[in-house]
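Novice: Got a structure here, written out as structure tokens. Questions coming.
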Amino acid sequence: MTSEQDRIFSKPLVKVADFRFDDKVASVFPDMISRSIPGYGQILHTLGEIAERRAQPQTRVYDLGCSLGAATTSIRRALGERDVEIVAIDNSEAMVKRAREHLDAFVSPIPVELVCADIRDVAIENASMVVLNFTLQFLSPDDRDALMAKIYQGLVPGGVLVVSEKLVFDQPNLHELLDDLHLDFKRANGYSELEISQKRNALENVMRPDTTERHMARFKAAGFSEAGLWFQCFNFASMVAIK
């Protein structure tokens, strides 16, 4: 299922509103995310490989902030006929509606419960894998520790949590360098200076990234015995924590 090209911020806006995952964003989301996040395809593919190794029979896999279901689809494909259930959750009705169309287009014996809800309000139970793929950064920082503790409690022994995020860095020169490299990545993918500037303004009050150190401290505080970075490209990374 193809998406439209992302042209949301291509024309000058009198006032740049806060970024929302509405129908306009949902219709261009695959194009937007592939042109904005370096390594996104590799992350999706590896989520399937991690699931193949760590998803346990008769358990659940949770995709928290599932957007259009790309991570769920990768995991489903990798698991074949394994006896697991996937619970995919997003609070955007526009995203959930399109996710259902995407998921229905892929035939699989693995059931997916697609839920439109706030991930902070949903119970995590009997999980062998939980995915937060560029989701945590959109939650209030005050809510992140509690969500992490809830996920840990809902994981079975040996269960894994995969968290993909944009990062910030305490070292100013490093932060500037990696930020510049990311901006060049977006320019190389056809985004104009106007689009880059207006989207950055739209995300300013909505997306609040953490440092790698903050993520690792949060994993440890929740109770995870092991955690580490498995992927990084510029200021985007994916981490895995094991119960």
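By order of appearance in the structure tokens: chains A, B, ..., then residues from 1 within every chain, and ligands from 1 in the order shown.
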Which parts of segment 137-224 of chain A does DSSP call helix (DSSP H, G or I) when run on the backbone here, written out as a ChimeraX atom specification?
Specialist: /A:137-138,141-154,172-188,193-203,212-222
Novice: Smallest atom-to-atom distance to Ser34 of chain A: which of A:Gln5, A:Thr211, A:Ser92, A:Asn201, using only C-alpha atoms?
Specialist: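 Of the candidates, the smallest distance to Ser34 of chain A is held by A:Gln5.
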Novice: Can you tell me, as a list in words, what residues are no more than 10 Å from Trp230 of chain A when counting only C-alpha atoms, ignoring any on the same chain fewer than 2 positions away?
Specialist: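 Near neighbours after the sequence-gap exclusion: Ile43, Thr46, Val162, Ser164, Ala227, Gly228, Gln232, Ala237, Ser238, Met239 and Val240 of chain A.
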Novice: Would you mind exporting the chosen residues as an mmCIF file, in the first residue's frame, restricted to N, CA, C and O atoms?
Specialist:
```
data_model
loop_
_atom_site.group_PDB
_atom_site.id
_atom_site.type_symbol
_atom_site.label_atom_id
_atom_site.label_comp_id
_atom_site.auth_asym_id
_atom_site.auth_seq_id
_atom_site.Cartn_x
_atom_site.Cartn_y
_atom_site.Cartn_z
ATOM 1 N N ILE A 43 15.958 -0.662 11.243
ATOM 2 C CA ILE A 43 15.331 -0.864 12.555
ATOM 3 C C ILE A 43 14.108 -1.764 12.425
ATOM 4 O O ILE A 43 13.939 -2.720 13.192
ATOM 5 N N THR A 46 15.139 -5.372 11.817
ATOM 6 C CA THR A 46 15.749 -6.002 12.990
ATOM 7 C C THR A 46 14.728 -6.264 14.085
ATOM 8 O O THR A 46 14.883 -7.224 14.863
ATOM 9 N N VAL A 162 12.241 -3.079 23.270
ATOM 10 C CA VAL A 162 13.029 -2.358 22.270
ATOM 11 C C VAL A 162 12.498 -0.930 22.201
ATOM 12 O O VAL A 162 11.301 -0.718 21.986
ATOM 13 N N SER A 164 13.192 2.712 20.327
ATOM 14 C CA SER A 164 13.870 3.505 19.300
ATOM 15 C C SER A 164 13.500 4.969 19.514
ATOM 16 O O SER A 164 12.327 5.288 19.719
ATOM 17 N N ALA A 227 20.825 -3.873 29.475
ATOM 18 C CA ALA A 227 20.311 -2.944 28.466
ATOM 19 C C ALA A 227 21.483 -2.357 27.695
ATOM 20 O O ALA A 227 22.580 -2.186 28.241
ATOM 21 N N GLY A 228 21.243 -2.042 26.428
ATOM 22 C CA GLY A 228 22.303 -1.455 25.618
ATOM 23 C C GLY A 228 21.781 -0.938 24.295
ATOM 24 O O GLY A 228 20.643 -1.193 23.900
ATOM 25 N N GLN A 232 22.693 2.852 16.044
ATOM 26 C CA GLN A 232 22.690 4.316 16.051
ATOM 27 C C GLN A 232 23.134 4.836 14.700
ATOM 28 O O GLN A 232 24.099 4.337 14.110
ATOM 29 N N ALA A 237 18.578 6.349 17.402
ATOM 30 C CA ALA A 237 19.112 5.112 17.961
ATOM 31 C C ALA A 237 18.001 4.159 18.341
ATOM 32 O O ALA A 237 16.838 4.543 18.474
ATOM 33 N N SER A 238 18.382 2.906 18.528
ATOM 34 C CA SER A 238 17.468 1.911 19.061
ATOM 35 C C SER A 238 18.187 1.123 20.137
ATOM 36 O O SER A 238 19.362 0.764 19.985
ATOM 37 N N MET A 239 17.470 0.882 21.233
ATOM 38 C CA MET A 239 18.043 0.231 22.401
ATOM 39 C C MET A 239 17.219 -0.992 22.762
ATOM 40 O O MET A 239 16.034 -1.051 22.445
ATOM 41 N N VAL A 240 17.870 -1.953 23.408
ATOM 42 C CA VAL A 240 17.157 -3.138 23.859
ATOM 43 C C VAL A 240 17.444 -3.368 25.337
ATOM 44 O O VAL A 240 18.575 -3.176 25.795
#
```
Novice: Find the residues near segment 58-74 of chain A: any atom within 9 Å, counting only C-alpha atoms, skip ones fewer than 2 places away on the same chain, and give them as a PyMOL selection string.
Specialist: chain A and resi 21+26+29-30+43-49+51+55-56+76-79+82-92+94-103+106+112+114+118-119+124-136+156
Novice: Would you mind writing down, as a PyMOL selection string, each residue of segment 12-229 of chain A that DSSP on the backbone assigns to strand (DSSP E or B)?
Specialist: chain A and resi 59-64+84-90+112-116+127-133+155-167+210+226-229
Novice: Any idea what the distance is between atom CA of Ser197 of chain A and atom CA of Phe185 of chain A?
Specialist: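 Between atom CA of Ser197 of chain A and atom CA of Phe185 of chain A the gap is 14.2 Å.
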Novice: For a quick check of understanding, using only C-alpha atoms, which of A:Leu183, A:Leu155, A:Ile110, A:Met148 has the smallest distance to Ala217 of chain A?
Specialist: A:Met148
Novice: Write out as JSON, numbers by chain each polymer residue whose atoms come within 9 Å of Leu194 of chain A, counting only C-alpha atoms; drop sequence neighbours fewer than 2 positions from it.
Specialist: {"A": [9, 10, 11, 12, 191, 192, 196, 197, 198, 199]}
Novice: State, in Å with one decimal place, the distance from atom CA of Arg53 of chain A to atom CA of Asp210 of chain A.
Specialist: 28.0 Å
Novice: At what distance in Å, to one decimal, does atom CA of Glu226 of chain A lie from atom CA of Ala241 of chain A?
Specialist: 5.7 Å
Novice: Considering only C-alpha atoms, can you say which of A:Leu161, A:Leu167, A:Ala202, A:Met32 comes closest to Ser225 of chain A?
Specialist: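 The answer is A:Leu161, which sits nearest to Ser225 of chain A.
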Novice: For Arg218 of chain A, work out the shell of residues within 9 Å, counting only C-alpha atoms and skipping chain neighbours fewer than 4 positions away, then give it as a list in words.
Specialist: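 These residues fall inside the cut-off: Arg144, Asp145, Met148, Ala149, Glu213, Arg214, Ala222 and Gly223 of chain A.
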Novice: Using only C-alpha atoms, which residues sit within 10 Å of Arg7 of chain A once same-chain residues fewer than 5 positions away are excluded, as a list in words?
Specialist: Lys24, Val25, Val28, Asp31, Met32, Tyr191 and Glu195 of chain A
Novice: Measuring atom to atom with only C-alpha atoms, identify which of A:Leu174, A:Ile242, A:Leu203, A:Asn235 is nearest to Ala17 of chain A.
Specialist: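 Of A:Leu174, A:Ile242, A:Leu203, A:Asn235, the one nearest Ala17 of chain A is A:Leu203, counting only C-alpha atoms.
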Novice: Have a look at A:Ile151, A:Val16, A:Phe234, A:Pro109 and name the one nearest to Glu176 of chain A; count only C-alpha atoms.
Specialist: A:Phe234
